[in-house]
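What's in input21.cif: mmCIF, C-alpha atoms
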data_query
#
loop_
_atom_site.label_atom_id
_atom_site.label_comp_id
_atom_site.auth_asym_id
_atom_site.auth_seq_id
_atom_site.Cartn_x
_atom_site.Cartn_y
_atom_site.Cartn_z
CA MET A 1 -6.73 26.27 -42.26
CA GLU A 2 -3.13 27.01 -43.19
CA ARG A 3 -2.27 27.57 -39.53
CA LEU A 4 -3.84 24.21 -38.65
CA ARG A 5 -1.73 22.42 -41.26
CA VAL A 6 1.43 24.07 -39.93
CA PHE A 7 0.50 23.06 -36.41
CA LEU A 8 -0.13 19.43 -37.41
CA TRP A 9 3.13 19.32 -39.38
CA LEU A 10 5.09 20.57 -36.38
CA LEU A 11 3.26 18.18 -34.06
CA PHE A 12 4.02 15.12 -36.20
CA GLY A 13 7.62 16.24 -36.58
CA LEU A 14 7.92 16.61 -32.84
CA MET A 15 6.43 13.16 -32.24
CA SER A 16 8.87 11.52 -34.65
CA LEU A 17 11.85 13.30 -33.03
CA VAL A 18 11.06 12.64 -29.40
CA SER A 19 9.03 9.40 -29.46
CA ASP A 20 11.86 7.43 -27.88
CA ARG A 21 12.38 10.11 -25.21
CA LEU A 22 8.68 10.23 -24.39
CA VAL A 23 8.40 6.45 -24.13
CA ALA A 24 11.37 6.37 -21.78
CA SER A 25 10.05 9.17 -19.59
CA PHE A 26 6.53 7.76 -19.30
CA SER A 27 7.70 4.20 -18.68
CA GLN A 28 9.69 5.12 -15.58
CA ALA A 29 7.72 4.12 -12.50
CA THR A 30 7.78 6.76 -9.80
CA ASP A 31 5.65 4.78 -7.37
CA SER A 32 5.28 1.11 -6.50
CA ASP A 33 3.52 -1.04 -3.94
CA PHE A 34 4.12 -4.42 -2.36
CA THR A 35 2.28 -6.80 -0.04
CA PHE A 36 4.12 -9.46 1.95
CA THR A 37 3.70 -11.77 4.94
CA LEU A 38 5.94 -11.09 7.94
CA PRO A 39 6.30 -14.18 10.16
CA ALA A 40 6.13 -13.99 13.94
CA GLY A 41 9.39 -12.97 15.61
CA ARG A 42 10.93 -11.73 12.36
CA LYS A 43 12.08 -8.41 10.89
CA GLU A 44 12.05 -7.58 7.18
CA CYS A 45 14.06 -4.70 5.67
CA PHE A 46 13.95 -3.10 2.22
CA PHE A 47 16.33 -0.70 0.48
CA GLN A 48 15.60 2.14 -1.94
CA THR A 49 18.38 3.92 -3.83
CA MET A 50 17.80 7.68 -3.78
CA LYS A 51 19.55 10.76 -5.09
CA LYS A 52 20.27 13.88 -3.13
CA GLU A 53 17.47 16.48 -2.92
CA ALA A 54 14.82 13.96 -3.90
CA SER A 55 11.69 12.89 -2.03
CA LEU A 56 10.70 9.47 -0.73
CA GLU A 57 7.19 8.93 0.63
CA ILE A 58 6.20 5.60 2.16
CA GLU A 59 2.77 4.56 3.39
CA TYR A 60 2.15 1.22 5.08
CA GLN A 61 -0.76 -0.69 6.56
CA VAL A 62 -1.10 -3.94 8.47
CA LEU A 63 -3.87 -5.81 6.65
CA ASP A 64 -4.10 -8.95 8.77
CA GLY A 65 -2.73 -10.45 11.96
CA ALA A 66 -3.44 -10.34 15.67
CA GLY A 67 -3.56 -6.77 16.92
CA LEU A 68 -3.00 -5.29 13.44
CA ASP A 69 0.16 -3.59 14.69
CA ILE A 70 3.84 -3.56 13.80
CA ASP A 71 7.10 -1.67 14.47
CA PHE A 72 8.56 0.43 11.66
CA PHE A 73 11.63 2.61 11.11
CA ILE A 74 13.52 4.38 8.32
CA SER A 75 17.25 5.08 8.32
CA SER A 76 19.54 7.03 6.00
CA PRO A 77 22.55 5.60 4.09
CA SER A 78 24.80 6.86 6.91
CA GLY A 79 22.76 4.93 9.50
CA GLN A 80 20.88 7.87 10.99
CA LEU A 81 17.38 7.01 12.23
CA LEU A 82 14.87 9.24 10.43
CA TYR A 83 11.45 7.93 11.56
CA SER A 84 10.32 5.26 13.99
CA ASP A 85 6.87 3.86 14.82
CA GLN A 86 6.04 1.52 17.68
CA ARG A 87 3.11 -0.92 17.55
CA LYS A 88 1.12 0.96 14.90
CA SER A 89 -1.31 -0.41 12.32
CA ASP A 90 -0.54 2.20 9.62
CA GLY A 91 1.60 5.23 8.93
CA VAL A 92 2.76 7.72 6.31
CA HIS A 93 6.26 9.24 6.23
CA THR A 94 7.99 11.57 3.77
CA VAL A 95 11.78 11.79 3.62
CA GLU A 96 13.59 14.67 1.92
CA THR A 97 16.89 13.05 0.99
CA LEU A 98 20.04 14.91 1.97
CA GLU A 99 22.54 12.38 0.63
CA ASP A 100 22.91 9.81 -2.12
CA GLY A 101 22.68 6.13 -1.31
CA ASP A 102 20.40 3.33 -0.14
CA TYR A 103 17.70 4.31 2.35
CA MET A 104 16.57 1.41 4.53
CA PHE A 105 13.07 0.91 5.92
CA CYS A 106 12.21 -2.07 8.10
CA PHE A 107 9.08 -3.75 9.42
CA ASP A 108 9.63 -5.42 12.80
CA ASN A 109 7.39 -8.17 14.18
CA THR A 110 9.83 -9.53 16.77
CA PHE A 111 7.54 -8.51 19.63
CA SER A 112 4.97 -11.09 18.46
CA SER A 113 5.87 -14.71 19.17
CA MET A 114 2.83 -16.37 17.55
CA SER A 115 1.01 -14.10 15.07
CA GLU A 116 2.28 -13.36 11.57
CA LYS A 117 1.31 -10.08 9.89
CA LEU A 118 0.19 -9.27 6.36
CA VAL A 119 1.77 -5.90 5.49
CA PHE A 120 1.11 -3.58 2.54
CA PHE A 121 3.31 -0.60 1.68
CA GLU A 122 3.59 1.89 -1.16
CA LEU A 123 6.58 3.98 -2.24
CA ILE A 124 6.26 7.30 -4.05
CA LEU A 125 9.47 8.80 -5.46
CA ASP A 126 9.76 12.43 -6.56
CA ASN A 127 12.55 14.43 -8.20
CA MET A 128 14.29 11.29 -9.43
CA ASP A 129 15.21 12.81 -12.82
CA THR A 130 18.26 11.54 -14.65
CA ASP A 131 21.23 13.72 -15.54
CA GLU A 132 20.03 14.01 -19.13
CA ASP A 133 18.21 17.20 -20.04
CA PRO A 134 14.64 16.27 -21.03
CA ASP A 135 14.28 19.52 -23.00
CA ASN A 136 17.02 18.82 -25.57
CA TRP A 137 14.44 17.89 -28.18
CA LYS A 138 13.21 21.50 -28.23
CA GLU A 139 16.39 22.52 -30.04
CA HIS A 140 15.23 20.61 -33.14
CA VAL A 141 11.87 22.38 -33.36
CA ILE A 142 11.70 25.66 -35.26
CA GLY A 143 8.87 28.12 -35.38
CA ILE A 144 7.18 27.39 -32.07
CA ASP A 145 6.65 31.07 -31.33
CA THR A 146 4.53 31.47 -34.46
CA LEU A 147 1.78 29.25 -33.07
CA ASP A 148 -0.94 30.40 -30.73
CA MET A 149 -0.61 27.21 -28.71
CA LYS A 150 3.01 26.53 -27.78
CA LEU A 151 4.44 23.06 -27.53
CA GLU A 152 5.49 23.82 -23.95
CA ASP A 153 1.82 24.15 -23.10
CA ILE A 154 1.14 20.77 -24.69
CA MET A 155 3.88 19.15 -22.63
CA ASP A 156 2.61 20.82 -19.46
CA THR A 157 -0.86 19.48 -20.18
CA ILE A 158 0.47 15.97 -20.81
CA ASN A 159 2.51 16.04 -17.62
CA ASN A 160 -0.49 17.32 -15.69
CA VAL A 161 -2.65 14.47 -17.03
CA LYS A 162 0.12 11.99 -16.19
CA SER A 163 0.39 13.23 -12.60
CA ARG A 164 -3.38 13.09 -12.14
CA LEU A 165 -3.52 9.55 -13.52
CA GLY A 166 -0.70 8.55 -11.20
CA LYS A 167 -2.58 10.03 -8.26
CA SER A 168 -5.72 8.13 -9.29
CA VAL A 169 -3.76 4.86 -9.42
CA GLN A 170 -2.31 5.61 -5.98
CA ILE A 171 -5.76 6.28 -4.48
CA GLN A 172 -7.19 3.12 -6.03
CA THR A 173 -4.29 1.09 -4.63
CA LEU A 174 -4.88 2.50 -1.15
CA LEU A 175 -8.61 1.81 -1.42
CA ARG A 176 -7.85 -1.81 -2.34
CA ALA A 177 -5.58 -2.05 0.71
CA PHE A 178 -8.32 -0.64 2.97
CA GLU A 179 -10.82 -3.06 1.44
CA ALA A 180 -8.51 -6.03 2.04
CA ARG A 181 -7.94 -4.94 5.63
CA ASP A 182 -11.68 -4.53 6.33
CA ARG A 183 -12.40 -7.90 4.74
CA ASN A 184 -9.80 -9.61 6.92
CA ILE A 185 -11.29 -7.99 10.03
CA GLN A 186 -14.80 -9.12 9.05
CA GLU A 187 -13.63 -12.68 8.40
CA SER A 188 -11.84 -12.74 11.75
CA ASN A 189 -14.96 -11.50 13.53
CA PHE A 190 -17.06 -14.06 11.67
CA GLU A 191 -14.78 -16.88 12.85
CA ARG A 192 -14.93 -15.61 16.44
CA VAL A 193 -18.73 -15.42 16.37
CA ASN A 194 -18.97 -18.95 15.00
CA PHE A 195 -16.52 -20.29 17.58
CA TRP A 196 -18.30 -18.77 20.57
CA SER A 197 -21.68 -19.79 19.16
CA VAL A 198 -20.52 -23.41 19.06
CA VAL A 199 -19.13 -23.08 22.61
CA ASN A 200 -22.44 -21.69 23.87
CA LEU A 201 -24.36 -24.46 22.10
CA VAL A 202 -22.18 -27.13 23.68
CA VAL A 203 -22.56 -25.54 27.12
CA MET A 204 -26.34 -25.37 26.71
CA MET A 205 -26.51 -29.03 25.70
CA VAL A 206 -24.35 -30.07 28.65
CA VAL A 207 -26.44 -27.99 31.08
CA SER A 208 -29.67 -29.44 29.63
CA ALA A 209 -28.38 -32.99 30.00
CA VAL A 210 -27.30 -32.33 33.60
CA GLN A 211 -30.70 -30.81 34.43
CA VAL A 212 -32.57 -33.79 32.94
CA TYR A 213 -30.38 -36.18 34.89
CA LEU A 214 -30.91 -34.32 38.16
CA VAL A 215 -34.70 -34.12 37.68
CA ARG A 216 -34.93 -37.83 36.88
CA SER A 217 -32.77 -38.67 39.86
CA LEU A 218 -35.20 -36.84 42.15
CA PHE A 219 -38.10 -39.10 41.11
CA GLU A 220 -36.28 -42.42 41.15
CA ASP A 221 -37.37 -44.82 43.94
CA LYS A 222 -34.25 -46.48 45.19
CA ARG A 223 -35.98 -48.44 47.98
CA LYS A 224 -35.86 -52.19 47.65
CA ILE A 225 -39.23 -53.97 47.82
CA ARG A 226 -39.13 -57.32 49.62
CA THR A 227 -41.78 -59.94 49.18
#
What would you get if you wrote out this structure as structure tokens?
Amino acid sequence: MERLRVFLWLLFGLMSLVSDRLVASFSQATDSDFTFTLPAGRKECFFQTMKKEASLEIEYQVLDGAGLDIDFFISSPSGQLLYSDQRKSDGVHTVETLEDGDYMFCFDNTFSSMSEKLVFFELILDNMDTDEDPDNWKEHVIGIDTLDMKLEDIMDTINNVKSRLGKSVQIQTLLRAFEARDRNIQESNFERVNFWSVVNLVVMMVVSAVQVYLVRSLFEDKRKIRT
């Protein structure tokens, strides 16, 4: 019981000391997603500021538009081309940054003169820690070694839960993108089926009218009767 009280006292003291640090660290978004419409004959570029020895992962999908394809490329701050895709509907690329600066990634629809594209992409950033040491708060805590469960283990568990939750959010976002893409394909197929059904109906009506006219014309007596 005494050990439990000591543990709770240390835990509450830790929370009061590092609450601001924890809020700041958990509020930083390491991944984001965006959906936009790319008009026909246009190219759209985005920039992401990265630090050296970090990781940038980008995944994109074309959700709607004729052909469901697009051109894509990533370039470094120095202008070096890192990855390039031609006429693809989706892709995943991971960049290990070797220099500081703005990394550019572009979606190119200039090859299409009529069809606009609905594009979804997601960015996942790793190793984007600030220069501040996140472990400074440990200097204010005394007596950690006397506990069976160390505070480092608690932080490892919290970080593990955070990473798993982030992965779950990422998977759910990708599933929503797949669902939107499948729905757009189904709606497009539905419109095509309706269009060709109407065309077939019109053709059948025209053919029926022509057949009736031809049959009636065969039985018409065009001779003139004189009295």
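Residues matched by the PyMOL selection byres ((chain A and resi 59) around 8) in this file are A:Glu57, A:Ile58, A:Tyr60, A:Gln61, A:Asp90, A:Gly91, A:Val92, A:His93, A:Phe121, A:Glu122, A:Leu123.
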Note to self: Tell me which residues come within 7 Å of (-1.2, 0.1, 16.5), as a PyMOL selection string, counting only C-alpha atoms in the file's coordinates.
What the structure shows: chain A and resi 68-70+87-89
Notebook entry, point to check: If the PyMOL selection byres ((chain A and resi 97) around 9) is run on the structure shown, which residues does it catch, given as number ranges by chain?
Noted result: A: 50-56, 76, 95-96, 98-100, 103
Next item on the list: May I ask for the distance between CA of Asn127 in chain A and CA of Phe107 in chain A, given in Å to one decimal place?
Entry: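 According to the coordinates, CA of Asn127 in chain A and CA of Phe107 in chain A are separated by 25.6 Å.
The residue that comes closest to Ser112 in chain A, out of A:Asp85, A:Asp71, A:Glu152, A:Glu220 and on the basis of only C-alpha atoms, is A:Asp71.
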Notebook entry, point to check: Using all atoms listed in the file, which of A:Met155, A:Cys106, A:Met205, A:Cys45 sits nearest Phe72 in chain A?
Noted result: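 Closest to Phe72 in chain A, using all atoms listed in the file: A:Cys106.
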Margin query: Just to confirm, what's the straight-line distance from CA of Thr110 in chain A to CA of Thr37 in chain A in Å (one decimal)?
Written below: 13.5 Å
Item checked: Distance in Å - CA of Asn189 in chain A versus CA of Leu201 in chain A ->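 Atom-to-atom, CA of Asn189 in chain A to CA of Leu201 in chain A, that is 18.2 Å.
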Margin query: Every residue with an atom at most 12 Å from (-0.5, 9.9, -11.7) (file coordinates; all atoms listed in the file) is what I'm after, so could you write them as a list in words?
Written below: Phe26, Gln28, Ala29, Thr30, Asp31, Ser32, Ile124, Leu125, Asp126, Ile158, Asn159, Asn160, Val161, Lys162, Ser163, Arg164, Leu165, Gly166, Lys167, Ser168, Val169, Gln170, Ile171, Gln172 and Thr173 of chain A
Show me, as AutoDock Vina command-line options, the centre and edge lengths in Å to one decimal of the axis-aligned box that covers every listed atom of range 34-43 of chain A with 6 Å on each side.
--center_x 7.2 --center_y -9.3 --center_z 6.6 --size_x 21.8 --size_y 21.8 --size_z 30.0
Just the residues within 10 Å of Asp102 in chain A, please, counting all atoms listed in the file, with nothing from its chain fewer than 4 positions along; format it as a compact mmCIF listing (two decimals) with C-alpha atoms, in the coordinates of the input.
# COMPACT_ATOMS: atom_id res chain seq x y z
CA PHE A 46 13.95 -3.10 2.22
CA PHE A 47 16.33 -0.70 0.48
CA GLN A 48 15.60 2.14 -1.94
CA THR A 49 18.38 3.92 -3.83
CA MET A 50 17.80 7.68 -3.78
CA LYS A 51 19.55 10.76 -5.09
CA SER A 75 17.25 5.08 8.32
CA SER A 76 19.54 7.03 6.00
CA PRO A 77 22.55 5.60 4.09
CA SER A 78 24.80 6.86 6.91
